[in-house]
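Structure data follow from final_9.cif (mmCIF, C-alpha atoms):
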```
data_target
loop_
_atom_site.group_PDB
_atom_site.id
_atom_site.type_symbol
_atom_site.label_atom_id
_atom_site.label_comp_id
_atom_site.auth_asym_id
_atom_site.auth_seq_id
_atom_site.Cartn_x
_atom_site.Cartn_y
_atom_site.Cartn_z
ATOM 1 C CA MET A 1 -52.837 33.982 -72.733
ATOM 2 C CA THR A 2 -49.228 33.156 -71.751
ATOM 3 C CA LYS A 3 -48.542 33.324 -67.992
ATOM 4 C CA GLN A 4 -45.730 35.669 -66.942
ATOM 5 C CA LEU A 5 -43.394 34.956 -63.988
ATOM 6 C CA PHE A 6 -43.050 38.037 -61.834
ATOM 7 C CA VAL A 7 -40.193 38.823 -59.457
ATOM 8 C CA GLY A 8 -40.906 37.383 -56.010
ATOM 9 C CA GLN A 9 -43.154 34.660 -57.428
ATOM 10 C CA LYS A 10 -41.937 31.138 -56.443
ATOM 11 C CA MET A 11 -40.670 28.750 -59.125
ATOM 12 C CA PRO A 12 -42.816 25.631 -59.413
ATOM 13 C CA LYS A 13 -41.293 22.644 -57.528
ATOM 14 C CA ASP A 14 -41.041 20.486 -60.659
ATOM 15 C CA ASP A 15 -38.934 23.127 -62.394
ATOM 16 C CA PHE A 16 -36.614 23.428 -59.342
ATOM 17 C CA TRP A 17 -35.834 19.711 -59.093
ATOM 18 C CA ALA A 18 -35.417 19.489 -62.842
ATOM 19 C CA GLY A 19 -32.847 22.314 -62.742
ATOM 20 C CA LEU A 20 -30.992 20.759 -59.844
ATOM 21 C CA GLY A 21 -30.822 17.420 -61.622
ATOM 22 C CA THR A 22 -29.391 19.076 -64.716
ATOM 23 C CA ILE A 23 -26.626 20.770 -62.679
ATOM 24 C CA VAL A 24 -25.660 17.524 -60.832
ATOM 25 C CA SER A 25 -25.598 15.619 -64.125
ATOM 26 C CA ALA A 26 -23.293 18.213 -65.642
ATOM 27 C CA ILE A 27 -20.890 18.033 -62.668
ATOM 28 C CA MET A 28 -20.780 14.240 -62.766
ATOM 29 C CA ALA A 29 -20.157 14.290 -66.501
ATOM 30 C CA ALA A 30 -17.295 16.744 -66.030
ATOM 31 C CA LEU A 31 -15.693 14.617 -63.260
ATOM 32 C CA SER A 32 -16.043 11.511 -65.388
ATOM 33 C CA TRP A 33 -14.302 13.247 -68.278
ATOM 34 C CA LEU A 34 -11.500 14.463 -66.017
ATOM 35 C CA TRP A 35 -11.005 11.006 -64.505
ATOM 36 C CA ASN A 36 -10.381 9.567 -67.943
ATOM 37 C CA ILE A 37 -7.373 11.854 -68.317
ATOM 38 C CA GLY A 38 -4.358 9.663 -67.385
ATOM 39 C CA PRO A 39 -2.139 12.240 -65.630
ATOM 40 C CA LEU A 40 -4.980 13.319 -63.360
ATOM 41 C CA GLN A 41 -5.593 9.726 -62.307
ATOM 42 C CA LEU A 42 -1.899 9.381 -61.467
ATOM 43 C CA LEU A 43 -1.838 12.672 -59.566
ATOM 44 C CA PHE A 44 -4.942 11.748 -57.570
ATOM 45 C CA SER A 45 -3.587 8.316 -56.663
ATOM 46 C CA PHE A 46 -0.212 9.784 -55.618
ATOM 47 C CA SER A 47 -1.845 12.510 -53.516
ATOM 48 C CA THR A 48 -4.143 10.027 -51.806
ATOM 49 C CA GLY A 49 -1.273 7.648 -51.028
ATOM 50 C CA ALA A 50 0.944 10.419 -49.711
ATOM 51 C CA LEU A 51 -1.822 11.741 -47.473
ATOM 52 C CA PHE A 52 -2.557 8.264 -46.090
ATOM 53 C CA THR A 53 1.166 7.620 -45.403
ATOM 54 C CA TYR A 54 1.496 10.968 -43.620
ATOM 55 C CA ILE A 55 -1.523 10.275 -41.409
ATOM 56 C CA VAL A 56 -0.270 6.777 -40.474
ATOM 57 C CA GLN A 57 3.274 8.002 -39.717
ATOM 58 C CA ALA A 58 1.978 10.927 -37.673
ATOM 59 C CA ARG A 59 -0.169 8.611 -35.576
ATOM 60 C CA LEU A 60 2.665 6.124 -35.056
ATOM 61 C CA GLN A 61 5.043 8.909 -34.002
ATOM 62 C CA ASP A 62 2.439 10.350 -31.648
ATOM 63 C CA ARG A 63 1.885 6.947 -30.058
ATOM 64 C CA ALA A 64 5.636 6.362 -29.718
ATOM 65 C CA GLU A 65 6.100 9.728 -28.006
ATOM 66 C CA LYS A 66 3.213 9.032 -25.662
ATOM 67 C CA ARG A 67 4.660 5.610 -24.785
ATOM 68 C CA GLN A 68 8.048 7.178 -24.072
ATOM 69 C CA VAL A 69 6.500 9.825 -21.825
ATOM 70 C CA ALA A 70 4.441 7.133 -20.064
ATOM 71 C CA ARG A 71 7.592 5.050 -19.444
ATOM 72 C CA GLN A 72 9.430 8.066 -18.041
ATOM 73 C CA ASN A 73 6.506 8.959 -15.779
ATOM 74 C CA PHE A 74 6.198 5.359 -14.606
ATOM 75 C CA ALA A 75 9.916 5.178 -13.778
ATOM 76 C CA LEU A 76 9.692 8.438 -11.844
ATOM 77 C CA MET A 77 6.646 7.231 -9.896
ATOM 78 C CA ARG A 78 8.358 3.930 -9.148
ATOM 79 C CA GLU A 79 11.468 5.643 -7.774
ATOM 80 C CA THR A 80 9.793 8.408 -5.762
ATOM 81 C CA ILE A 81 6.389 7.001 -4.770
ATOM 82 C CA TYR A 82 5.689 3.303 -5.315
ATOM 83 C CA GLY A 83 9.121 1.988 -4.271
ATOM 84 C CA PRO A 84 9.346 4.024 -1.045
ATOM 85 C CA LEU A 85 5.721 3.211 -0.182
ATOM 86 C CA PHE A 86 6.428 -0.482 -0.694
ATOM 87 C CA GLY A 87 9.412 -0.297 1.658
ATOM 88 C CA GLU A 88 7.573 1.630 4.369
ATOM 89 C CA ILE A 89 4.450 -0.573 4.348
ATOM 90 C CA ASN A 90 6.696 -3.650 4.544
ATOM 91 C CA GLN A 91 8.480 -2.158 7.552
ATOM 92 C CA ILE A 92 5.194 -1.412 9.296
ATOM 93 C CA SER A 93 4.061 -4.981 8.629
ATOM 94 C CA GLU A 94 7.264 -6.347 10.189
ATOM 95 C CA ASP A 95 6.853 -4.027 13.192
ATOM 96 C CA LEU A 96 3.318 -5.283 13.757
ATOM 97 C CA LYS A 97 4.385 -8.918 13.523
ATOM 98 C CA SER A 98 7.218 -8.388 16.020
ATOM 99 C CA PHE A 99 5.108 -6.224 18.367
ATOM 100 C CA GLU A 100 7.208 -3.131 17.712
ATOM 101 C CA ILE A 101 5.921 0.451 17.555
ATOM 102 C CA SER A 102 5.549 1.675 13.969
ATOM 103 C CA HIS A 103 6.629 5.152 12.872
ATOM 104 C CA LEU A 104 4.874 7.014 10.063
ATOM 105 C CA GLU A 105 7.188 9.984 9.550
ATOM 106 C CA GLU A 106 8.687 8.669 6.292
ATOM 107 C CA ILE A 107 5.395 7.562 4.808
ATOM 108 C CA ASP A 108 3.916 10.990 5.651
ATOM 109 C CA LYS A 109 6.745 12.607 3.663
ATOM 110 C CA ILE A 110 5.966 10.414 0.662
ATOM 111 C CA MET A 111 2.276 11.304 0.847
ATOM 112 C CA ASP A 112 3.157 15.024 0.931
ATOM 113 C CA ARG A 113 4.893 14.835 -2.470
ATOM 114 C CA HIS A 114 2.876 16.216 -5.378
ATOM 115 C CA LEU A 115 3.452 13.045 -7.426
ATOM 116 C CA TYR A 116 1.601 11.050 -4.764
ATOM 117 C CA PHE A 117 -1.673 12.384 -6.186
ATOM 118 C CA MET A 118 -0.961 10.495 -9.414
ATOM 119 C CA VAL A 119 -1.606 7.275 -7.489
ATOM 120 C CA ALA A 120 -5.026 5.817 -8.267
ATOM 121 C CA LEU A 121 -7.698 7.199 -5.938
ATOM 122 C CA GLU A 122 -8.742 3.749 -4.717
ATOM 123 C CA LEU A 123 -5.175 2.838 -3.756
ATOM 124 C CA ARG A 124 -4.625 6.218 -2.072
ATOM 125 C CA LYS A 125 -7.728 5.712 0.056
ATOM 126 C CA LEU A 126 -6.529 2.223 1.009
ATOM 127 C CA ILE A 127 -3.101 3.534 2.071
ATOM 128 C CA GLU A 128 -4.446 6.572 3.914
ATOM 129 C CA GLY A 129 -7.059 4.495 5.744
ATOM 130 C CA PHE A 130 -4.348 2.035 6.746
ATOM 131 C CA CYS A 131 -2.122 4.807 8.111
ATOM 132 C CA GLU A 132 -4.963 6.226 10.190
ATOM 133 C CA ARG A 133 -5.570 2.795 11.701
ATOM 134 C CA VAL A 134 -1.835 2.469 12.459
ATOM 135 C CA ARG A 135 -1.961 5.804 14.339
ATOM 136 C CA ARG A 136 -4.941 4.552 16.307
ATOM 137 C CA TYR A 137 -3.130 1.281 16.991
ATOM 138 C CA THR A 138 -0.098 3.174 18.351
ATOM 139 C CA ILE A 139 -2.327 4.842 20.951
ATOM 140 C CA LEU A 140 -3.933 1.488 21.760
ATOM 141 C CA GLU A 141 -0.486 -0.099 22.105
ATOM 142 C CA GLY A 142 0.579 2.563 24.608
ATOM 143 C CA ALA A 143 -2.516 1.935 26.703
ATOM 144 C CA THR A 144 -1.921 -1.839 26.585
ATOM 145 C CA VAL A 145 1.657 -1.364 27.806
ATOM 146 C CA GLY A 146 0.239 0.363 30.870
ATOM 147 C CA VAL A 147 -2.121 -2.572 31.490
ATOM 148 C CA ALA A 148 0.754 -5.066 31.117
ATOM 149 C CA GLU A 149 2.923 -3.135 33.598
ATOM 150 C CA GLN A 150 0.123 -3.046 36.163
ATOM 151 C CA ILE A 151 -0.662 -6.759 35.802
ATOM 152 C CA SER A 152 3.027 -7.672 35.993
ATOM 153 C CA LEU A 153 3.548 -5.707 39.216
ATOM 154 C CA GLU A 154 0.337 -6.887 40.914
ATOM 155 C CA THR A 155 0.856 -10.546 40.015
ATOM 156 C CA SER A 156 4.473 -10.494 41.201
ATOM 157 C CA ARG A 157 3.468 -8.958 44.516
ATOM 158 C CA GLU A 158 0.700 -11.514 44.995
ATOM 159 C CA ASN A 159 2.784 -14.607 44.185
ATOM 160 C CA LEU A 160 6.408 -13.790 45.019
ATOM 161 C CA GLU A 161 8.299 -12.685 48.073
ATOM 162 C CA ARG A 162 9.701 -9.165 48.051
ATOM 163 C CA PRO A 163 13.365 -9.122 46.978
ATOM 164 C CA ALA A 164 15.805 -8.239 49.720
ATOM 165 C CA ALA A 165 16.253 -4.497 50.218
ATOM 166 C CA SER A 166 14.151 -3.742 47.131
ATOM 167 C CA SER A 167 10.566 -2.800 46.349
ATOM 168 C CA ASP A 168 11.050 -3.596 42.666
ATOM 169 C CA PHE A 169 9.215 -6.710 41.465
ATOM 170 C CA SER A 170 10.279 -6.583 37.818
ATOM 171 C CA ILE A 171 10.906 -10.054 36.406
ATOM 172 C CA VAL A 172 13.745 -10.425 33.903
ATOM 173 C CA TYR A 173 14.941 -13.542 32.052
ATOM 174 C CA ARG A 174 18.443 -13.610 30.535
ATOM 175 C CA LEU A 175 19.671 -16.126 27.981
ATOM 176 C CA PHE A 176 23.391 -16.983 27.993
ATOM 177 C CA VAL A 177 25.443 -19.097 25.640
ATOM 178 C CA GLY A 178 28.556 -19.786 27.648
ATOM 179 C CA ASN A 179 29.369 -16.428 29.229
ATOM 180 C CA ASN A 180 27.777 -14.381 26.458
ATOM 181 C CA LEU A 181 24.436 -12.670 27.030
ATOM 182 C CA ILE A 182 22.291 -13.424 23.979
ATOM 183 C CA LYS A 183 18.884 -12.063 24.884
ATOM 184 C CA MET A 184 17.120 -10.369 27.787
ATOM 185 C CA VAL A 185 13.326 -10.439 28.196
ATOM 186 C CA TYR A 186 11.211 -8.499 30.698
ATOM 187 C CA LEU A 187 7.903 -9.999 31.786
ATOM 188 C CA VAL A 188 6.043 -6.900 30.578
ATOM 189 C CA ARG A 189 7.570 -7.258 27.115
ATOM 190 C CA ALA A 190 6.703 -10.943 26.975
ATOM 191 C CA LEU A 191 3.080 -10.295 27.985
ATOM 192 C CA LEU A 192 2.714 -7.830 25.115
ATOM 193 C CA GLN A 193 3.834 -10.640 22.781
ATOM 194 C CA ASP A 194 1.203 -12.964 24.263
ATOM 195 C CA ARG A 195 3.869 -15.286 25.698
ATOM 196 C CA THR A 196 5.876 -15.877 28.835
ATOM 197 C CA PRO A 197 9.603 -14.984 29.011
ATOM 198 C CA ASN A 198 10.447 -18.659 29.334
ATOM 199 C CA GLU A 199 8.604 -19.500 26.091
ATOM 200 C CA ILE A 200 10.460 -16.776 24.214
ATOM 201 C CA LEU A 201 13.893 -17.838 25.435
ATOM 202 C CA LYS A 202 13.256 -21.527 24.783
ATOM 203 C CA GLU A 203 12.512 -20.640 21.185
ATOM 204 C CA GLU A 204 15.691 -18.548 20.983
ATOM 205 C CA ALA A 205 17.775 -21.327 22.545
ATOM 206 C CA ALA A 206 16.605 -24.055 20.172
ATOM 207 C CA GLY A 207 19.622 -25.757 18.573
ATOM 208 C CA LEU A 208 22.184 -23.924 20.732
ATOM 209 C CA THR A 209 24.603 -25.601 23.136
ATOM 210 C CA ALA A 210 26.018 -24.490 26.483
ATOM 211 C CA VAL A 211 22.793 -22.560 27.113
ATOM 212 C CA SER A 212 21.753 -21.183 30.506
ATOM 213 C CA ILE A 213 18.897 -18.943 31.647
ATOM 214 C CA ASN A 214 19.289 -16.511 34.524
ATOM 215 C CA ILE A 215 16.136 -15.186 36.227
ATOM 216 C CA THR A 216 15.968 -12.153 38.523
ATOM 217 C CA VAL A 217 13.190 -10.419 40.434
ATOM 218 C CA GLY A 218 13.864 -6.797 41.277
ATOM 219 C CA GLY A 219 17.465 -7.285 40.174
ATOM 220 C CA TYR A 220 18.097 -10.253 42.524
ATOM 221 C CA SER A 221 18.242 -13.974 41.771
ATOM 222 C CA TYR A 222 15.041 -15.604 43.007
ATOM 223 C CA PRO A 223 15.342 -18.814 45.073
ATOM 224 C CA SER A 224 12.477 -20.648 43.325
ATOM 225 C CA ILE A 225 12.566 -20.591 39.538
ATOM 226 C CA GLU A 226 9.322 -22.574 39.334
ATOM 227 C CA ASP A 227 7.496 -19.904 41.351
ATOM 228 C CA VAL A 228 8.651 -17.279 38.852
ATOM 229 C CA HIS A 229 7.512 -19.423 35.906
ATOM 230 C CA LYS A 230 4.125 -19.884 37.555
ATOM 231 C CA THR A 231 3.785 -16.142 38.239
ATOM 232 C CA CYS A 232 4.495 -15.361 34.587
ATOM 233 C CA LYS A 233 1.808 -17.815 33.446
ATOM 234 C CA ILE A 234 -0.750 -16.265 35.814
ATOM 235 C CA ALA A 235 0.082 -12.786 34.527
ATOM 236 C CA LEU A 236 -0.332 -13.979 30.934
ATOM 237 C CA GLN A 237 -3.777 -15.386 31.648
ATOM 238 C CA LYS A 238 -4.783 -12.114 33.299
ATOM 239 C CA ILE A 239 -3.772 -9.877 30.401
ATOM 240 C CA ARG A 240 -5.413 -12.163 27.872
ATOM 241 C CA SER A 241 -8.739 -11.613 29.629
ATOM 242 C CA THR A 242 -8.573 -7.788 29.502
ATOM 243 C CA PRO A 243 -10.669 -5.973 26.853
ATOM 244 C CA MET A 244 -7.750 -3.621 26.104
ATOM 245 C CA PHE A 245 -5.405 -6.469 25.183
ATOM 246 C CA GLN A 246 -8.097 -8.240 23.146
ATOM 247 C CA GLU A 247 -8.889 -5.084 21.172
ATOM 248 C CA ARG A 248 -5.205 -4.419 20.562
ATOM 249 C CA GLU A 249 -4.627 -7.957 19.302
ATOM 250 C CA SER A 250 -7.654 -7.781 17.003
ATOM 251 C CA GLU A 251 -6.445 -4.467 15.549
ATOM 252 C CA ARG A 252 -2.888 -5.726 15.147
ATOM 253 C CA LYS A 253 -3.992 -8.782 13.164
ATOM 254 C CA TYR A 254 -6.308 -6.665 11.024
ATOM 255 C CA LEU A 255 -3.485 -4.234 10.192
ATOM 256 C CA ILE A 256 -1.139 -7.074 9.243
ATOM 257 C CA SER A 257 -3.789 -8.338 6.826
ATOM 258 C CA GLU A 258 -4.340 -4.860 5.351
ATOM 259 C CA ALA A 259 -0.609 -4.319 4.971
ATOM 260 C CA GLU A 260 -0.364 -7.493 2.888
ATOM 261 C CA LYS A 261 -3.143 -6.257 0.597
ATOM 262 C CA ILE A 262 -1.369 -2.941 0.001
ATOM 263 C CA ILE A 263 2.002 -4.642 -0.517
ATOM 264 C CA ASN A 264 0.506 -6.914 -3.170
ATOM 265 C CA ARG A 265 -1.075 -3.906 -4.909
ATOM 266 C CA LEU A 266 2.240 -2.019 -4.907
ATOM 267 C CA LYS A 267 4.228 -4.966 -6.266
ATOM 268 C CA GLN A 268 2.758 -4.487 -9.740
ATOM 269 C CA PHE A 269 4.223 -0.959 -9.876
ATOM 270 C CA ILE A 270 7.770 -1.841 -8.796
ATOM 271 C CA THR A 271 8.314 -5.082 -10.726
ATOM 272 C CA LEU A 272 10.634 -4.529 -13.696
#
```
What does the file become when written as structure tokens?
Amino acid sequence: MTKQLFVGQKMPKDDFWAGLGTIVSAIMAALSWLWNIGPLQLLFSFSTGALFTYIVQARLQDRAEKRQVARQNFALMRETIYGPLFGEINQISEDLKSFEISHLEEIDKIMDRHLYFMVALELRKLIEGFCERVRRYTILEGATVGVAEQISLETSRENLERPAASSDFSIVYRLFVGNNLIKMVYLVRALLQDRTPNEILKEEAAGLTAVSINITVGGYSYPSIEDVHKTCKIALQKIRSTPMFQERESERKYLISEAEKIINRLKQFITL
């Protein structure tokens, strides 16, 4: 008896794959026949070439636009962020080397600009950490000035006679070339530079002619110049032995080193 296939009954697997194979074969045969038609081959080749050219040109244009935008952004960052930062860090470095007080007002303004946050995070952390250490150093410098003033006064009182009609023991060296005052150095200022006033003025006077050095204590010429020189040397040895001065010098040298690192990092962003 012949078997009947009822609705809902599954087609045998062999029949399914056979049917699918027949359909695929028919499609392939149709495509093969169409491919042999000359105009269709030409149309397909033209369409493929045009599509490829469009994709390549679109990508090239997109890349060119991105490069132009990147150049504009880089120029803007160089003018408003990297260049000013480079100048300010250089100034701070020079201040540290010459024992001057550094000011951070301008660098704070740069860091407040919204474009500053386009700077790489690592470099921002390096700059911000440096600025915090500079602020700490400024406080340390102020405290060291107080130590230098105290040592200068005490050492002068211990080793020099009180100037006539004056209780002021401030020691001042003045460098003259002819009648022209070239430089004036207070003992306190010299101590903060880890030198004596005489050492500083000798360096300034190198190569000059008609040079003279005038020394006063409390505003009066002191009878023994050698005693003043000796007092300055004693004061220098005293301040060198204080923890405050030693810490300040260590921090100053560290900051100079850090400033050089930041300057070298910034150079790559400002070089044309």
request  = Using atom CA of Ile200 of chain A and atom CA of Glu251 of chain A as the two end points, give the distance in Å to one decimal.
outcome  =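 Value for the atom CA of Ile200 of chain A-atom CA of Glu251 of chain A distance: 22.6 Å.
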Result set of the PyMOL selection byres ((chain A and resi 223) around 12) on the coordinates above, as a PDB file with C-alpha atoms, keeping the file's coordinate frame:
```
ATOM      1  CA  LEU A 160       6.408 -13.790  45.019  1.00  0.00           C
ATOM      2  CA  GLU A 161       8.299 -12.685  48.073  1.00  0.00           C
ATOM      3  CA  ARG A 162       9.701  -9.165  48.051  1.00  0.00           C
ATOM      4  CA  PRO A 163      13.365  -9.122  46.978  1.00  0.00           C
ATOM      5  CA  ALA A 164      15.805  -8.239  49.720  1.00  0.00           C
ATOM      6  CA  ASN A 214      19.289 -16.511  34.524  1.00  0.00           C
ATOM      7  CA  ILE A 215      16.136 -15.186  36.227  1.00  0.00           C
ATOM      8  CA  THR A 216      15.968 -12.153  38.523  1.00  0.00           C
ATOM      9  CA  VAL A 217      13.190 -10.419  40.434  1.00  0.00           C
ATOM     10  CA  TYR A 220      18.097 -10.253  42.524  1.00  0.00           C
ATOM     11  CA  SER A 221      18.242 -13.974  41.771  1.00  0.00           C
ATOM     12  CA  TYR A 222      15.041 -15.604  43.007  1.00  0.00           C
ATOM     13  CA  SER A 224      12.477 -20.648  43.325  1.00  0.00           C
ATOM     14  CA  ILE A 225      12.566 -20.591  39.538  1.00  0.00           C
ATOM     15  CA  GLU A 226       9.322 -22.574  39.334  1.00  0.00           C
ATOM     16  CA  ASP A 227       7.496 -19.904  41.351  1.00  0.00           C
ATOM     17  CA  VAL A 228       8.651 -17.279  38.852  1.00  0.00           C
TER      18      VAL A 228
END
```
ask   = Evaluating the PyMOL selection byres ((chain A and resi 143) around 12) on the displayed file yields which residues, as a count of residues only?
value = 21
ask   = Which one of A:Leu191, A:Val172, A:Leu115, A:Leu104 sits closest to Lys238 of chain A if you count all atoms listed in the file?
value =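 Between A:Leu191, A:Val172, A:Leu115, A:Leu104, the residue approaching Lys238 of chain A most closely is A:Leu191.
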ask   = Phe130 of chain A: which residues within 8 Å, counting all atoms listed in the file, same-chain residues fewer than 3 positions away excluded, as a PyMOL selection string?
value = chain A and resi 126-127+133-134+255+258-259
key: Atomic separation - atom CA of Ile110 of chain A relative to atom CA of Pro84 of chain A, Å   =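 A separation of 7.4 Å between them.
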Tell me which residues the PyMOL selection byres ((chain A and resi 76-82) around 12) grabs here, as a tab-separated table (two decimals) with C-alpha atoms, keeping the file's coordinate frame.
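Contents of the output file result_22.tsv:
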```
chain	number	residue	atom	x	y	z
A	69	VAL	CA	6.50	9.82	-21.82
A	70	ALA	CA	4.44	7.13	-20.06
A	71	ARG	CA	7.59	5.05	-19.44
A	72	GLN	CA	9.43	8.07	-18.04
A	73	ASN	CA	6.51	8.96	-15.78
A	74	PHE	CA	6.20	5.36	-14.61
A	75	ALA	CA	9.92	5.18	-13.78
A	83	GLY	CA	9.12	1.99	-4.27
A	84	PRO	CA	9.35	4.02	-1.04
A	85	LEU	CA	5.72	3.21	-0.18
A	86	PHE	CA	6.43	-0.48	-0.69
A	87	GLY	CA	9.41	-0.30	1.66
A	88	GLU	CA	7.57	1.63	4.37
A	89	ILE	CA	4.45	-0.57	4.35
A	106	GLU	CA	8.69	8.67	6.29
A	107	ILE	CA	5.40	7.56	4.81
A	108	ASP	CA	3.92	10.99	5.65
A	109	LYS	CA	6.74	12.61	3.66
A	110	ILE	CA	5.97	10.41	0.66
A	111	MET	CA	2.28	11.30	0.85
A	112	ASP	CA	3.16	15.02	0.93
A	113	ARG	CA	4.89	14.84	-2.47
A	114	HIS	CA	2.88	16.22	-5.38
A	115	LEU	CA	3.45	13.04	-7.43
A	116	TYR	CA	1.60	11.05	-4.76
A	117	PHE	CA	-1.67	12.38	-6.19
A	118	MET	CA	-0.96	10.50	-9.41
A	119	VAL	CA	-1.61	7.28	-7.49
A	120	ALA	CA	-5.03	5.82	-8.27
A	123	LEU	CA	-5.18	2.84	-3.76
A	124	ARG	CA	-4.62	6.22	-2.07
A	127	ILE	CA	-3.10	3.53	2.07
A	262	ILE	CA	-1.37	-2.94	0.00
A	263	ILE	CA	2.00	-4.64	-0.52
A	264	ASN	CA	0.51	-6.91	-3.17
A	265	ARG	CA	-1.08	-3.91	-4.91
A	266	LEU	CA	2.24	-2.02	-4.91
A	267	LYS	CA	4.23	-4.97	-6.27
A	268	GLN	CA	2.76	-4.49	-9.74
A	269	PHE	CA	4.22	-0.96	-9.88
A	270	ILE	CA	7.77	-1.84	-8.80
A	271	THR	CA	8.31	-5.08	-10.73
A	272	LEU	CA	10.63	-4.53	-13.70
```
request  = For Phe176 of chain A, work out the shell of residues within 6 Å, counting all atoms listed in the file and skipping chain neighbours fewer than 2 positions away, then give it as JSON, numbers by chain.
outcome  = {"A": [178, 180, 181, 182, 211, 212]}
Keeping only C-alpha atoms, write those residues as a PDB file, in the frame of the given file.
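Contents of selection_5.pdb, as written:
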```pdb
ATOM      1  CA  GLY A 178      28.556 -19.786  27.648  1.00  0.00           C
ATOM      2  CA  ASN A 180      27.777 -14.381  26.458  1.00  0.00           C
ATOM      3  CA  LEU A 181      24.436 -12.670  27.030  1.00  0.00           C
ATOM      4  CA  ILE A 182      22.291 -13.424  23.979  1.00  0.00           C
ATOM      5  CA  VAL A 211      22.793 -22.560  27.113  1.00  0.00           C
ATOM      6  CA  SER A 212      21.753 -21.183  30.506  1.00  0.00           C
TER       7      SER A 212
END
```
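Among the candidate residues A:Ser250, A:Gly218, A:Gln193, A:Ser257, the one lying nearest to Glu100 of chain A is A:Gln193, with distances computed using all atoms listed in the file.
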Coordinates-based distance that separates atom CA of Arg252 of chain A from atom CA of Glu94 of chain A (Å, one decimal) = 11.3 Å
query = Quick one: of A:Met184, A:Leu208, A:Ile151, A:Leu175, who's nearest to Leu236 of chain A, counting all atoms listed in the file?
reply = A:Ile151
query = Which of these, A:Glu122, A:Ser93, A:Gly207, A:Cys131, has the shortest distance to Glu105 of chain A once you count all atoms listed in the file?
reply = A:Cys131
Residue with smallest distance to Asn90 of chain A - pool A:Ala235, A:Ser102, A:Asn159, A:Lys230, counting all atoms listed in the file =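 Answer, going by the shortest atom-to-atom distance: A:Ser102.
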